[in-house]
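*Asks:* Encoded as structure tokens, here's the structure I'll be asking about.
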Amino acid sequence: MSASILRAENLHLWRSERHVLKGVELTVRGGELLQLTGVNGAGKTTLLRALCGLNHLEEGRVYWNDQDVRADRAGFHAALVYLGHEPPLKPDLSGVENLRFWTGMRRRVTRAAIDEALRSTGAGGFGTRPVRTLSAGQRRRVALAGLLLAAVPLWLLDEPTTNLDTEGQHLVATLVDAHLQAGGLAIAAVHHGLGIEPARLRELNLLA
Amino acid sequence: MTWTWFHRLGSPPYIYRLAGRLTPWFGWIAAVLLLGALFDGLVLAPPDYQQGDGFRIIYVHVPTAWLSLMIYTWMAVAAAVGLIWRIKVAHAAAAACAPIGASFTAVALVTGMLFGKPMWGAYWVWDPRLTSELLLLFLYLGYMGLRASFDDLQRADRASAVLAIVGIVNVPIVHFSVIWWNSLHQGSSLSLTGKDTIATPMLIPLLLSMLGFTLYFLAVVLVRLRGEVLRRERAASWIGEVVAP
Amino acid sequence: MPEGLTPPLTAARLVITRDLTLAFRRPEQLLHPLAFFVMVTTLFPLSVSPELSQLRAIAPGVLWVAALLAALLALEFLFRDDAQDGTLEQYALSGQSLTWLLLGKTGAHWLLTGVPLSLMAPLMGYTLGVPAAASAGIMVTVALGSLALSFIGSIGAALTLGVRRGGVLLSILILPLAVPILIFGSRATELAIRGEAYVAPMELLGAIVVLSFTLAPLAAAAAVRISLE
């Protein structure tokens with residue numbers, strides 16, 4: 001991946017009458033992780049969704065590789081993956097089936113690649129069971145495999161370590177680190193640090 | 001030059017003040033026109049040779065029916081403008097139109113029923129024009145119901161805008177129903193291009209009535225528009241200057 | 001379209017496959033609209049008259065009203081699950097055209113609700129005194145009408161996402177738009193029952209179907225994006 005860069009200038013957003021984003025600015029380059037911190041309700045999720053284009057920005061611009069994202073929404077979306085609070089997994093489908101559909105939206109993916117991804121997130125043992133039989137932590141591991149399979153430069157993560165034990169949190173750090181090393185970039189809303197080395201780390205604290 | 005004017009229309013304080021200034025004019029002229037139309041239509045115009053005096057209800061029925069369609073069209077256009085260019089004043093205008101349009105539709109239906117009894121012998125028939133006009137009323141009510149179901153005003157504006165735009169298909173159906181199908185309802189008496197099929201002494205009060213009701217609509221919608229603008233601009237700074245605490 | 005991205009038709013096919021797979025993992029859910037259809041149809045002989053000759057006269061209307069109500073019931077669940085678990089969000093962020101994805105989704109919904117209804121309709125028609133020879137005509141007309149209904153209904157379903165008691169509001173919103181389908185559909189069914197040519201109303205119904213599956217997904221996509229904001 002050539003050097004990617006995400007830039008946001010002067011983002012303003014209102015939710016009903018609450019001024020949630022007040023002139024937010026950020027820059028993230030390939031190989032960097034931006035950690036979003038702030039109390040509940042400060043606007044971390046809102047900012048992530050606004051960067052994707054899900055929430056409408058009253059003012060401000062977002063630039064992906066120096067191009068205004070509004071000029072090519074589809075292209076921007078094809079370069080990012082967003083993982084919200086709840087992993088988007090269908091309870092009645094297995095992990096493998098879920099990933100086949102989720103990734104298949106973007107590109108062809110082989111069963112071997114899915115299995116490989118599940119193994120690297122520690123979900124290899126339960127990939128073929130229906131997701132409703134899995135614990136919250138196991139579901140998150142399946143969702144993380146989906147992140148790997150997306151094979152996109154920009155990761156937008158909303159509290160990626162939710163429901164994970166210490167080993168799981170370490171897994172997230174490893175995955176993010178590998179992604180950064182390959183030149184990808186990530187923005188993560190977190191409550192405590194992911195444990196990425198300071199050289200790659202940027203921080204943005206949102207005030208309520 | 002024209003675009004500055006358009007942009008000014010999108011400015012809530014400007015619209016608020018403009019609406020306030022225009023309302024009394026529209027209101028008083030409407031009152032004069034409607035009184036004139038009433039007098040002319042009820043007293044001066046000769047009775048119809050077939051229907052006697054019963055036809056006079058058209059002086060209320062025709063304008064309200066015509067306006068019920070026009071108001072929906074304007075509402076849909078305003079909603080589209082608000083949706084595409086995200087202009088709050090446009091959404092306020094659409095919201096302001098809806099209850100008025102619904103009322104006019106209801107009046108058109110009721111006056112139509114009162115007309116229908118002596119004309120066709122029945123208060124209601126399921127003919128294409130009446131049915132599609134009834135559907136128009138349901139569309140208005142659905143629009144208002146959808147708006148009311150959201151707490152977030154912005155979502156209410158945008159969702160109801162989609163509904164208003166989708167529902168526009170009904171307007172040509174109502175209008176052309178008398179041409180496309182065999183309808184009990186009579187065809188158009190007024191034409192922009194062809195010859196009018198209605199006698200002049202009956203036409204004058206009808207035109208006065210149309211104009212009067214239209215100005216009445218404008219007066220009322222501007223009052224409602226101010227209210228809707230205030231609702232959307234509650235937190236803005238200019239509110240303090242125009243609204244006394 | 002971004003290069004390397006799955007083509008829209010393939011993505012739509014994936015959506016259909018996924019929805020069909022999910023539906024067949026919980027087949028009981030498919031029976032609810034059918035059961036409702038059967039129950040509503042039986043209300044008429046019970047409340048109006050058990051006379052077959054009278055029932056035969058009102059059969060087209062009864063079948064269509066019952067099918068419409070059953071379809072409205074089923075529409076409530078078109079987007080509900082996907083909205084709740086974040087799937088709709090992922091669709092909007094997939095780089096795919098949301099319009100195509102919703103086209104697939106609504107098509108799958110019709111396969112799961114409209115088609116079973118159209119297969120059940122001649123059976124219920126028989127209980128209302130309709131000759132068995134009219135079965136094919138009934139099936140075709142109800143199938144076509146329910147297709148248009150699914151698409152038009154998808155707009156209402158998208159608009160009422162997340163609204164409390166959204167089901168009732170959905171029905172109120174859709175009803176004015178569904179009336180033309182009802183009118184032409186029941187007219188076509190009536191002609192089919194009498195053994196006459198029903199091509200004319202079918203053509204109008206067909207026109208409505210074409211209009212709805214080309215335009216409705218656009219409106220539904222706009223409504224979905226609005227609900228995600």
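Letters for chains follow the order of the structure tokens (A, B, ...), residue numbers begin at 1 for each chain, and ligand numbers begin at 1 in the order shown.
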Quick one: pick out all strand (DSSP E or B) residues within segment 149-183 of chain A from a backbone DSSP run and write them as a VMD selection string.

*Replies:* chain A and resid 154 to 158

*Asks:* Could you write out the selected residues, including C-alpha atoms, as a CSV table (one decimal), in the first residue's frame?

*Replies:*
```csv
chain,number,residue,atom,x,y,z
A,154,LEU,CA,-8.4,2.2,6.8
A,155,TRP,CA,-9.8,0.6,10.0
A,156,LEU,CA,-12.5,2.5,12.0
A,157,LEU,CA,-13.0,0.7,15.3
A,158,ASP,CA,-15.5,1.5,18.0
```

*Asks:* Leaving out Val209 of chain C and any residue of its chain fewer than 4 positions from it, which residues lie within 8 Å of it when counting only C-alpha atoms, given as a PyMOL selection string?

*Replies:* chain C and resi 144-145+147-148+205+213

*Asks:* Store the residues of this selection in a file with C-alpha atoms, as an mmCIF file, in the first residue's frame.

*Replies:*
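Saved file again_11.cif follows:
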```
data_model
loop_
_atom_site.group_PDB
_atom_site.id
_atom_site.type_symbol
_atom_site.label_atom_id
_atom_site.label_comp_id
_atom_site.auth_asym_id
_atom_site.auth_seq_id
_atom_site.Cartn_x
_atom_site.Cartn_y
_atom_site.Cartn_z
ATOM 1 C CA LEU C 144 -47.530 -10.030 -9.698
ATOM 2 C CA GLY C 145 -49.460 -7.832 -7.307
ATOM 3 C CA LEU C 147 -44.283 -8.254 -6.146
ATOM 4 C CA ALA C 148 -45.318 -4.641 -6.635
ATOM 5 C CA LEU C 205 -50.423 -4.291 -13.028
ATOM 6 C CA PHE C 213 -38.979 -2.293 -8.863
#
```

*Asks:* Would you list the contacts of Ala106 of chain B as a VMD selection string, taking every protein, DNA or RNA residue within 10 Å and counting only C-alpha atoms, but skipping same-chain residues closer than 5 positions in sequence?

*Replies:* chain B and resid 64 to 65 68 100 to 101 111 to 112 133 to 134 136 to 137

*Asks:* Run DSSP on the backbone and grab whatever in segment 74-234 of chain B lands in alpha helix (DSSP H); send it over as a compact mmCIF listing (two decimals) with C-alpha atoms, in the first residue's frame.

*Replies:*
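File written: states18.txt
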```txt
# COMPACT_ATOMS: atom_id res chain seq x y z
CA TRP B 74 -45.61 22.71 -3.52
CA MET B 75 -45.13 20.63 -0.41
CA ALA B 76 -43.35 17.91 -2.40
CA VAL B 77 -41.16 20.46 -4.21
CA ALA B 78 -40.22 22.15 -0.93
CA ALA B 79 -39.49 18.76 0.60
CA ALA B 80 -37.29 17.82 -2.36
CA VAL B 81 -35.36 21.09 -2.12
CA GLY B 82 -34.87 20.54 1.60
CA LEU B 83 -33.78 16.95 1.06
CA ILE B 84 -31.33 17.56 -1.77
CA TRP B 85 -29.74 20.83 -0.67
CA LYS B 88 -34.04 23.93 6.74
CA VAL B 89 -36.42 26.64 5.56
CA ALA B 90 -37.60 24.34 2.76
CA HIS B 91 -38.41 21.61 5.28
CA ALA B 92 -40.22 24.19 7.40
CA ALA B 93 -42.28 25.19 4.36
CA ALA B 94 -43.25 21.59 3.63
CA ALA B 95 -44.25 21.02 7.25
CA ALA B 96 -46.28 24.23 7.19
CA CYS B 97 -48.21 23.20 4.07
CA ALA B 98 -49.35 19.77 5.20
CA PRO B 99 -52.19 20.46 7.66
CA ILE B 100 -53.57 23.19 5.39
CA GLY B 101 -53.49 20.90 2.37
CA ALA B 102 -55.20 18.16 4.37
CA SER B 103 -57.93 20.58 5.44
CA PHE B 104 -58.52 21.75 1.90
CA THR B 105 -58.73 18.15 0.73
CA ALA B 106 -61.27 17.38 3.44
CA VAL B 107 -63.34 20.44 2.49
CA ALA B 108 -63.17 19.47 -1.17
CA LEU B 109 -64.41 15.98 -0.35
CA VAL B 110 -67.23 17.20 1.89
CA THR B 111 -68.41 19.91 -0.51
CA GLY B 112 -68.16 17.34 -3.26
CA MET B 113 -70.41 15.03 -1.26
CA LEU B 114 -72.92 17.83 -0.72
CA PHE B 115 -72.84 18.49 -4.45
CA GLY B 116 -73.09 14.84 -5.32
CA LYS B 117 -76.37 14.19 -3.56
CA PRO B 118 -78.52 16.48 -5.72
CA MET B 119 -76.38 15.84 -8.84
CA TRP B 120 -75.98 12.07 -8.85
CA PRO B 128 -61.67 7.40 -9.96
CA ARG B 129 -61.50 11.08 -9.13
CA LEU B 130 -63.22 10.84 -5.77
CA THR B 131 -61.23 7.77 -4.83
CA SER B 132 -57.89 9.29 -5.76
CA GLU B 133 -58.78 12.52 -3.92
CA LEU B 134 -59.57 10.44 -0.85
CA LEU B 135 -56.18 8.77 -1.24
CA LEU B 136 -54.65 12.25 -1.37
CA LEU B 137 -56.17 12.92 2.04
CA PHE B 138 -54.64 9.68 3.33
CA LEU B 139 -51.27 10.73 1.92
CA TYR B 140 -51.44 14.06 3.74
CA LEU B 141 -52.42 12.33 6.98
CA GLY B 142 -49.68 9.73 6.51
CA TYR B 143 -47.16 12.52 5.97
CA MET B 144 -48.25 14.25 9.16
CA GLY B 145 -48.31 10.96 11.04
CA LEU B 146 -44.78 10.10 9.92
CA ARG B 147 -43.51 13.48 11.02
CA ALA B 148 -45.08 13.09 14.41
CA LEU B 153 -36.86 16.94 13.97
CA GLN B 154 -34.13 16.50 11.38
CA ARG B 155 -35.02 12.86 10.85
CA ALA B 156 -38.71 13.76 10.74
CA ASP B 157 -37.98 16.36 8.04
CA ARG B 158 -35.93 14.04 5.89
CA ALA B 159 -38.07 10.91 6.19
CA SER B 160 -41.30 12.78 5.50
CA ALA B 161 -39.63 14.46 2.53
CA VAL B 162 -39.07 11.05 0.92
CA LEU B 163 -42.72 10.20 1.53
CA ALA B 164 -43.95 13.48 0.07
CA ILE B 165 -41.88 12.97 -3.07
CA VAL B 166 -43.04 9.38 -3.54
CA GLY B 167 -46.67 10.40 -3.06
CA ASN B 170 -51.12 10.61 -6.93
CA VAL B 171 -51.46 14.23 -8.08
CA PRO B 172 -51.50 13.54 -11.82
CA ILE B 173 -53.75 10.55 -11.14
CA VAL B 174 -56.35 12.80 -9.48
CA HIS B 175 -56.04 15.40 -12.21
CA PHE B 176 -56.20 13.10 -15.22
CA SER B 177 -58.61 10.57 -13.74
CA VAL B 178 -61.54 12.19 -15.49
CA ILE B 179 -59.78 11.80 -18.84
CA TRP B 180 -58.27 8.35 -18.39
CA THR B 200 -68.88 34.15 -18.06
CA PRO B 201 -71.24 35.39 -15.29
CA MET B 202 -70.57 32.13 -13.50
CA LEU B 203 -66.87 32.22 -14.33
CA ILE B 204 -66.08 35.55 -12.67
CA PRO B 205 -67.04 34.55 -9.12
CA LEU B 206 -65.21 31.27 -9.64
CA LEU B 207 -61.99 33.04 -10.56
CA LEU B 208 -62.41 35.46 -7.66
CA SER B 209 -62.93 32.52 -5.37
CA MET B 210 -59.86 30.68 -6.68
CA LEU B 211 -57.68 33.72 -6.19
CA GLY B 212 -59.20 34.45 -2.81
CA PHE B 213 -58.65 30.94 -1.49
CA THR B 214 -55.12 30.91 -2.85
CA LEU B 215 -54.25 34.12 -1.06
CA TYR B 216 -55.91 32.77 2.05
CA PHE B 217 -53.70 29.71 1.80
CA LEU B 218 -50.61 31.89 1.39
CA ALA B 219 -51.53 33.99 4.41
CA VAL B 220 -52.07 30.94 6.61
CA VAL B 221 -49.02 29.03 5.37
CA LEU B 222 -46.77 32.02 6.04
CA VAL B 223 -48.01 32.19 9.61
CA ARG B 224 -47.36 28.46 10.06
CA LEU B 225 -44.00 28.84 8.31
CA ARG B 226 -42.88 31.34 10.92
CA GLY B 227 -43.79 28.88 13.63
CA GLU B 228 -41.93 26.04 11.93
CA VAL B 229 -38.88 28.24 11.40
CA LEU B 230 -38.86 29.15 15.08
CA ARG B 231 -39.08 25.48 16.00
CA ARG B 232 -36.01 24.69 13.94
```

*Asks:* Residues near Glu167 of chain A, anyone? I mean within 12 Å using only C-alpha atoms, not counting same-chain ones fewer than 4 positions away, as a tab-separated table (two decimals) with N, CA and C atoms, in the first residue's frame.

*Replies:*
```tsv
chain	number	residue	atom	x	y	z
A	121	THR	N	-7.32	-15.17	14.50
A	121	THR	CA	-7.94	-14.44	15.61
A	121	THR	C	-8.39	-15.40	16.71
A	122	GLY	N	-7.95	-16.64	16.61
A	122	GLY	CA	-8.26	-17.59	17.66
A	122	GLY	C	-9.68	-18.11	17.59
A	137	GLY	N	-17.37	-12.82	23.59
A	137	GLY	CA	-15.95	-12.73	23.26
A	137	GLY	C	-15.63	-13.50	21.99
A	141	ARG	N	-14.16	-12.21	18.23
A	141	ARG	CA	-13.02	-12.78	17.50
A	141	ARG	C	-13.39	-13.05	16.05
A	161	THR	N	-12.08	-3.69	21.90
A	161	THR	CA	-11.73	-4.70	22.90
A	161	THR	C	-12.91	-5.07	23.79
A	163	ASN	N	-15.79	-6.91	25.53
A	163	ASN	CA	-16.08	-8.33	25.73
A	163	ASN	C	-14.87	-9.24	25.60
A	171	LEU	N	-4.63	-9.65	21.57
A	171	LEU	CA	-4.85	-10.02	20.17
A	171	LEU	C	-5.16	-8.80	19.32
A	172	VAL	N	-6.04	-7.95	19.82
A	172	VAL	CA	-6.41	-6.75	19.08
A	172	VAL	C	-5.17	-5.90	18.83
A	173	ALA	N	-4.37	-5.75	19.87
A	173	ALA	CA	-3.15	-4.95	19.73
A	173	ALA	C	-2.24	-5.53	18.66
A	174	THR	N	-2.13	-6.86	18.67
A	174	THR	CA	-1.28	-7.52	17.68
A	174	THR	C	-1.80	-7.29	16.26
```

*Asks:* Excluding same-chain residues fewer than 2 positions from Gly104 of chain C, what lies within 6 Å of it counting only C-alpha atoms, as JSON, numbers by chain?

*Replies:* {"C": [12, 16, 101, 102, 106, 107]}

*Asks:* Could you list, with a cut-off of 8 Å and counting only C-alpha atoms, the residues of chain A near chain C, each shown with its nearest atom pair and the distance in Å rounded to one decimal, rows sorted by chain and ascending number, as JSON lines?

*Replies:*
```
{"residue": "A:Cys52", "atom": "CA", "partner": "C:Leu93", "partner_atom": "CA", "distance": 7.5}
{"residue": "A:Leu54", "atom": "CA", "partner": "C:Glu229", "partner_atom": "CA", "distance": 5.6}
{"residue": "A:Asn55", "atom": "CA", "partner": "C:Glu229", "partner_atom": "CA", "distance": 4.5}
{"residue": "A:His56", "atom": "CA", "partner": "C:Glu229", "partner_atom": "CA", "distance": 6.6}
{"residue": "A:Arg73", "atom": "CA", "partner": "C:Gly95", "partner_atom": "CA", "distance": 7.5}
{"residue": "A:Ala74", "atom": "CA", "partner": "C:Gly95", "partner_atom": "CA", "distance": 4.3}
{"residue": "A:Gly75", "atom": "CA", "partner": "C:Pro2", "partner_atom": "CA", "distance": 5.1}
{"residue": "A:Phe76", "atom": "CA", "partner": "C:Gly95", "partner_atom": "CA", "distance": 7.4}
{"residue": "A:His77", "atom": "CA", "partner": "C:Gly95", "partner_atom": "CA", "distance": 4.7}
{"residue": "A:Ala78", "atom": "CA", "partner": "C:Gly95", "partner_atom": "CA", "distance": 4.7}
{"residue": "A:Val81", "atom": "CA", "partner": "C:Leu93", "partner_atom": "CA", "distance": 7.7}
{"residue": "A:Tyr82", "atom": "CA", "partner": "C:Gln90", "partner_atom": "CA", "distance": 7.7}
{"residue": "A:Gly84", "atom": "CA", "partner": "C:Gly86", "partner_atom": "CA", "distance": 7.9}
{"residue": "A:Glu86", "atom": "CA", "partner": "C:Asp85", "partner_atom": "CA", "distance": 6.9}
{"residue": "A:Pro87", "atom": "CA", "partner": "C:Gly86", "partner_atom": "CA", "distance": 7.4}
{"residue": "A:Pro88", "atom": "CA", "partner": "C:Gly86", "partner_atom": "CA", "distance": 5.1}
{"residue": "A:Leu89", "atom": "CA", "partner": "C:Asp85", "partner_atom": "CA", "distance": 7.1}
{"residue": "A:Lys90", "atom": "CA", "partner": "C:Asp85", "partner_atom": "CA", "distance": 7.5}
{"residue": "A:Asp92", "atom": "CA", "partner": "C:Leu22", "partner_atom": "CA", "distance": 6.5}
{"residue": "A:Leu93", "atom": "CA", "partner": "C:Leu22", "partner_atom": "CA", "distance": 7.1}
{"residue": "A:Phe101", "atom": "CA", "partner": "C:Leu14", "partner_atom": "CA", "distance": 6.5}
{"residue": "A:Gly104", "atom": "CA", "partner": "C:Thr6", "partner_atom": "CA", "distance": 7.2}
{"residue": "A:Met105", "atom": "CA", "partner": "C:Ala11", "partner_atom": "CA", "distance": 5.4}
{"residue": "A:Arg106", "atom": "CA", "partner": "C:Leu5", "partner_atom": "CA", "distance": 5.2}
{"residue": "A:Arg107", "atom": "CA", "partner": "C:Thr6", "partner_atom": "CA", "distance": 5.0}
{"residue": "A:Arg108", "atom": "CA", "partner": "C:Thr6", "partner_atom": "CA", "distance": 7.1}
```

*Asks:* Create the file for the chosen residues now, containing N, CA and C atoms and written as a JSON list (two decimals), in the first residue's frame.

*Replies:*
```json
[["chain", "number", "residue", "atom", "x", "y", "z"],
["A", 52, "CYS", "N", -17.02, 8.15, 8.31],
["A", 52, "CYS", "CA", -17.49, 7.20, 7.28],
["A", 52, "CYS", "C", -18.45, 7.85, 6.33],
["A", 54, "LEU", "N", -21.73, 8.19, 7.47],
["A", 54, "LEU", "CA", -23.06, 7.77, 7.92],
["A", 54, "LEU", "C", -23.81, 8.94, 8.53],
["A", 55, "ASN", "N", -23.11, 9.69, 9.38],
["A", 55, "ASN", "CA", -23.72, 10.89, 9.96],
["A", 55, "ASN", "C", -23.38, 12.10, 9.11],
["A", 56, "HIS", "N", -24.32, 13.01, 9.00],
["A", 56, "HIS", "CA", -24.11, 14.17, 8.13],
["A", 56, "HIS", "C", -23.36, 15.27, 8.88],
["A", 73, "ARG", "N", -17.65, 8.72, -2.88],
["A", 73, "ARG", "CA", -18.07, 8.02, -1.67],
["A", 73, "ARG", "C", -17.81, 6.54, -1.75],
["A", 74, "ALA", "N", -18.19, 5.95, -2.88],
["A", 74, "ALA", "CA", -18.07, 4.50, -3.01],
["A", 74, "ALA", "C", -16.61, 4.07, -2.91],
["A", 75, "GLY", "N", -15.75, 4.83, -3.55],
["A", 75, "GLY", "CA", -14.33, 4.53, -3.50],
["A", 75, "GLY", "C", -13.78, 4.61, -2.08],
["A", 76, "PHE", "N", -14.22, 5.65, -1.35],
["A", 76, "PHE", "CA", -13.79, 5.80, 0.04],
["A", 76, "PHE", "C", -14.28, 4.62, 0.87],
["A", 77, "HIS", "N", -15.54, 4.25, 0.69],
["A", 77, "HIS", "CA", -16.08, 3.13, 1.45],
["A", 77, "HIS", "C", -15.37, 1.84, 1.13],
["A", 78, "ALA", "N", -14.96, 1.70, -0.13],
["A", 78, "ALA", "CA", -14.28, 0.47, -0.52],
["A", 78, "ALA", "C", -12.90, 0.39, 0.14],
["A", 81, "VAL", "N", -13.07, -0.16, 6.54],
["A", 81, "VAL", "CA", -13.99, -1.07, 7.20],
["A", 81, "VAL", "C", -14.33, -0.48, 8.56],
["A", 82, "TYR", "N", -15.61, -0.53, 8.93],
["A", 82, "TYR", "CA", -16.06, 0.04, 10.17],
["A", 82, "TYR", "C", -16.60, -1.07, 11.06],
["A", 84, "GLY", "N", -18.49, -1.54, 14.49],
["A", 84, "GLY", "CA", -19.19, -0.83, 15.56],
["A", 84, "GLY", "C", -19.21, -1.62, 16.85],
["A", 86, "GLU", "N", -21.53, -3.48, 18.20],
["A", 86, "GLU", "CA", -22.01, -4.85, 18.03],
["A", 86, "GLU", "C", -21.45, -5.41, 16.74],
["A", 87, "PRO", "N", -20.79, -6.54, 16.78],
["A", 87, "PRO", "CA", -20.31, -7.12, 15.51],
["A", 87, "PRO", "C", -21.51, -7.50, 14.63],
["A", 88, "PRO", "N", -21.47, -7.13, 13.35],
["A", 88, "PRO", "CA", -22.63, -7.37, 12.47],
["A", 88, "PRO", "C", -22.72, -8.82, 12.03],
["A", 89, "LEU", "N", -22.99, -9.71, 12.96],
["A", 89, "LEU", "CA", -23.05, -11.12, 12.63],
["A", 89, "LEU", "C", -24.47, -11.63, 12.79],
["A", 90, "LYS", "N", -24.92, -12.43, 11.85],
["A", 90, "LYS", "CA", -26.27, -13.00, 11.93],
["A", 90, "LYS", "C", -26.23, -14.21, 12.86],
["A", 92, "ASP", "N", -28.06, -16.79, 13.21],
["A", 92, "ASP", "CA", -28.40, -18.12, 12.69],
["A", 92, "ASP", "C", -27.40, -18.65, 11.68],
["A", 93, "LEU", "N", -26.43, -17.81, 11.30],
["A", 93, "LEU", "CA", -25.40, -18.27, 10.38],
["A", 93, "LEU", "C", -24.14, -18.59, 11.17],
["A", 101, "PHE", "N", -20.38, -13.84, 3.44],
["A", 101, "PHE", "CA", -21.28, -12.80, 2.94],
["A", 101, "PHE", "C", -20.68, -11.42, 3.13],
["A", 104, "GLY", "N", -17.70, -11.04, 0.94],
["A", 104, "GLY", "CA", -18.10, -11.22, -0.44],
["A", 104, "GLY", "C", -18.70, -9.98, -1.07],
["A", 105, "MET", "N", -19.20, -9.07, -0.22],
["A", 105, "MET", "CA", -19.72, -7.80, -0.71],
["A", 105, "MET", "C", -18.63, -7.01, -1.41],
["A", 106, "ARG", "N", -17.39, -7.22, -0.93],
["A", 106, "ARG", "CA", -16.30, -6.41, -1.45],
["A", 106, "ARG", "C", -15.52, -7.14, -2.53],
["A", 107, "ARG", "N", -15.22, -8.40, -2.28],
["A", 107, "ARG", "CA", -14.38, -9.11, -3.24],
["A", 107, "ARG", "C", -14.59, -10.60, -3.05],
["A", 108, "ARG", "N", -14.15, -11.39, -4.03],
["A", 108, "ARG", "CA", -14.25, -12.83, -3.91],
["A", 108, "ARG", "C", -13.31, -13.30, -2.81]]
```

*Asks:* Write down, as a list of chain:residue names, each residue of chain A that has any atom within 12 Å of an atom of chain B, counting only C-alpha atoms.

*Replies:* A:Trp14, A:Arg15, A:Ser16, A:Glu17, A:Arg18, A:His19, A:Asn55, A:His56, A:Leu57, A:Glu58

*Asks:* Could you pull the residues within 10 Å of Val40 of chain C, counting only C-alpha atoms, minus those fewer than 5 positions along the same chain, as a PyMOL selection string?

*Replies:* chain C and resi 34-35+62-63+65-67+69-70

*Asks:* So that I have them on file, write out the residues from the current selection with N, CA and C atoms, as a PDB file, in the first residue's frame.

*Replies:*
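Result saved to selection30.pdb:
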```
ATOM      1  N   LEU C  34     -48.718 -16.501   6.005  1.00  0.00           N
ATOM      2  CA  LEU C  34     -49.642 -17.455   5.373  1.00  0.00           C
ATOM      3  C   LEU C  34     -50.818 -17.761   6.294  1.00  0.00           C
ATOM      4  N   ALA C  35     -50.492 -18.015   7.561  1.00  0.00           N
ATOM      5  CA  ALA C  35     -51.545 -18.326   8.519  1.00  0.00           C
ATOM      6  C   ALA C  35     -52.508 -17.156   8.638  1.00  0.00           C
ATOM      7  N   VAL C  62     -61.977 -10.335  -1.437  1.00  0.00           N
ATOM      8  CA  VAL C  62     -61.563 -10.952  -0.178  1.00  0.00           C
ATOM      9  C   VAL C  62     -60.121 -11.441  -0.268  1.00  0.00           C
ATOM     10  N   LEU C  63     -59.815 -12.154  -1.358  1.00  0.00           N
ATOM     11  CA  LEU C  63     -58.464 -12.678  -1.516  1.00  0.00           C
ATOM     12  C   LEU C  63     -57.441 -11.555  -1.524  1.00  0.00           C
ATOM     13  N   VAL C  65     -57.723  -8.370  -0.343  1.00  0.00           N
ATOM     14  CA  VAL C  65     -57.592  -7.658   0.927  1.00  0.00           C
ATOM     15  C   VAL C  65     -56.782  -8.496   1.905  1.00  0.00           C
ATOM     16  N   ALA C  66     -57.105  -9.790   1.949  1.00  0.00           N
ATOM     17  CA  ALA C  66     -56.376 -10.667   2.870  1.00  0.00           C
ATOM     18  C   ALA C  66     -54.899 -10.730   2.497  1.00  0.00           C
ATOM     19  N   ALA C  67     -54.605 -10.824   1.188  1.00  0.00           N
ATOM     20  CA  ALA C  67     -53.212 -10.889   0.752  1.00  0.00           C
ATOM     21  C   ALA C  67     -52.494  -9.588   1.083  1.00  0.00           C
ATOM     22  N   LEU C  69     -53.191  -7.447   3.513  1.00  0.00           N
ATOM     23  CA  LEU C  69     -52.943  -7.360   4.953  1.00  0.00           C
ATOM     24  C   LEU C  69     -51.798  -8.277   5.366  1.00  0.00           C
ATOM     25  N   ALA C  70     -51.770  -9.487   4.810  1.00  0.00           N
ATOM     26  CA  ALA C  70     -50.690 -10.411   5.149  1.00  0.00           C
ATOM     27  C   ALA C  70     -49.348  -9.855   4.694  1.00  0.00           C
TER      28      ALA C  70
END
```

*Asks:* Just how far from atom CA of Leu69 of chain B is atom CA of Thr4 of chain B, in Å to one decimal?

*Replies:*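 Here the two named atoms are 29.9 Å from each other.
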
*Asks:* What residues in chain C have any atom no more than 6 Å from chain B when counting only C-alpha atoms, and can you write them as a PyMOL selection string?

*Replies:* chain C and resi 159+173+176

*Asks:* Next, write the just-selected residues to a file, as a compact mmCIF listing (two decimals), in the first residue's frame, keeping C-alpha atoms as the atom set.

*Replies:*
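selection_8.txt, written as the output of this step:
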```
# COMPACT_ATOMS: atom_id res chain seq x y z
CA LEU C 159 -39.16 5.11 6.44
CA LEU C 173 -48.26 5.06 4.77
CA PRO C 176 -52.68 4.98 -0.48
```
